[in-house]
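Presented below is the structure to which this report refers.
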Amino acid sequence: MSHTAANVHSVHFYGNDNALIDRLCGVVCSGLLVGNSVLLVATPEHREQLVSCLERLEVDVRKHAREGQFSMFDAEGLLSTFMVNDVPHPKLFLTSVGNVLTDAKKAARSKDHGLTVFGEMVAVLWQQGNKTGALALEKLWNDLLNDRAFHLHCAYPQSLVENDLEGMQGITEAHSHVVGGAVSVM
């Protein structure tokens, strides 16, 4: 996959929720600091943990949300808007996720209407045993990145992928950057 500075697609393999939330706090804070809108698509647990972390850092989450610069969606809820027979439907994805991205970019304060996105829909699919759906979704994200400029960050628990050489190869090939601890593949 070809990438420019404007279309980063990173993947974070994390060992525990604390590592994920620490990275997410950094991603969200840096995005908001430069005036980007930040869009988070995550599980309820991770959304709650992230908000707690941001509040401890004295980030006014409610203010940013009111101004449209910080929004959160449920990973399974958003997945349900474009999955058909366990596979992401390209047109439904573009409509559903595309509209969410467009709305988020409009609220950015930066001159280029920057957008930072974190999503764990792919990890939800992988956790459900739907590796094919997860990799197809990664491809749809890449297609969207080729059409629009934003930064996309994904995350997978190491325990889901550490013994899956083929799966790890598919995941890493779909991303421009790999972040996190080393993942051993047997």
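Labeling convention for the structure tokens: chains A, B, ... as they appear, residues from 1 per chain, ligands from 1 in order of appearance.
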
### Close residues, Met168 in chain A itself excluded, 12 Å, only C-alpha atoms, min 4 positions apart in chain, as a PyMOL selection string
chain A and resi 11-13+126+131+134-135+156-164+172-175+178+182-186

### Query
Among range 40-76 of chain A, which ones does DSSP place in alpha helix (DSSP H), written as a list in words?
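Those in range 40-76 of chain A that DSSP calls alpha helix (DSSP H) are Pro44, Glu45, His46, Arg47, Glu48, Gln49, Leu50, Val51, Ser52, Cys53, Leu54, Glu55, Arg56, Val61, Arg62, Lys63, His64, Ala65, Arg66, Ala75 and Glu76 of chain A.
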
### Task
List every residue of range 25-111 of chain A that DSSP, applied to the backbone of this structure, assigns to strand (DSSP E or B), and report them as a PyMOL selection string.
chain A and resi 37-42+70-74+83-84+87-88

### Query
Contacts of Ala149 in chain A at 12 Å or less, counting only C-alpha atoms, minus same-chain residues fewer than 5 places along, as a list in words?
His3, Thr4, Ala5, Ala6, Asn7, Val8, His9, Asn36, Leu101, Thr102, Lys105, Asp112, His113, Gly114, Leu115, Thr116, Val117, Trp141, Asn142, Asp143 and Leu144 of chain A

### Message
When you look at range 20-25 of chain A with a cut-off of 10 Å (counting only C-alpha atoms), what residues show up, excluding the ones that are within fewer than 3 positions of it in the same chain? I need them as a list in words.
### Response
His12, Phe13, Tyr14, Gly15, Asn16, Asp17, Val28, Cys29, Ser30, Gly31, Leu40, His46, Arg47, Glu48, Gln49, Leu50, Val51, Ser52, Cys53, Leu54, Leu57, Val59, Phe118, His153, Ala155, Tyr156, Pro157, Val179 and Gly180 of chain A

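Each of A:His151, A:Val84, A:Asn146, A:Gly133 was checked against Ile171 in chain A using only C-alpha atoms; the smallest atom-to-atom distance is that of A:Gly133.
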
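Proximity to range 63-66 of chain A at 9 Å, evaluated using only C-alpha atoms and with sequence-adjacent residues fewer than 6 positions away removed, yields Leu32, Ser37 and Met72 of chain A.
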
### Neighbour list for Asp103 in chain A as number ranges by chain, cut-off 12 Å, only C-alpha atoms, skip fewer than 3 positions in-chain
A: 37-39, 67-71, 95-100, 106-108, 113-115

#### Entry: Phe93 in chain A surroundings by only C-alpha atoms, 9 Å radius, close-in-sequence under 2 positions cut, as a list in words
Leu79, Thr81, Phe82, Met83, Pro88, His89, Pro90, Lys91, Thr95, Ser96, Val97, Gly98, Leu137 and Leu140 of chain A

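Considering only C-alpha atoms, the residue among A:Cys154, A:Lys111, A:Val124, A:Gly119 positioned nearest to Gly35 in chain A is A:Lys111.
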
### Query
Quick one: distance from CA of Asp74 in chain A to CA of Ala42 in chain A in Å, one decimal?
5.4 Å

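CA of Ala75 in chain A sits 5.1 Å away from CA of Met121 in chain A.
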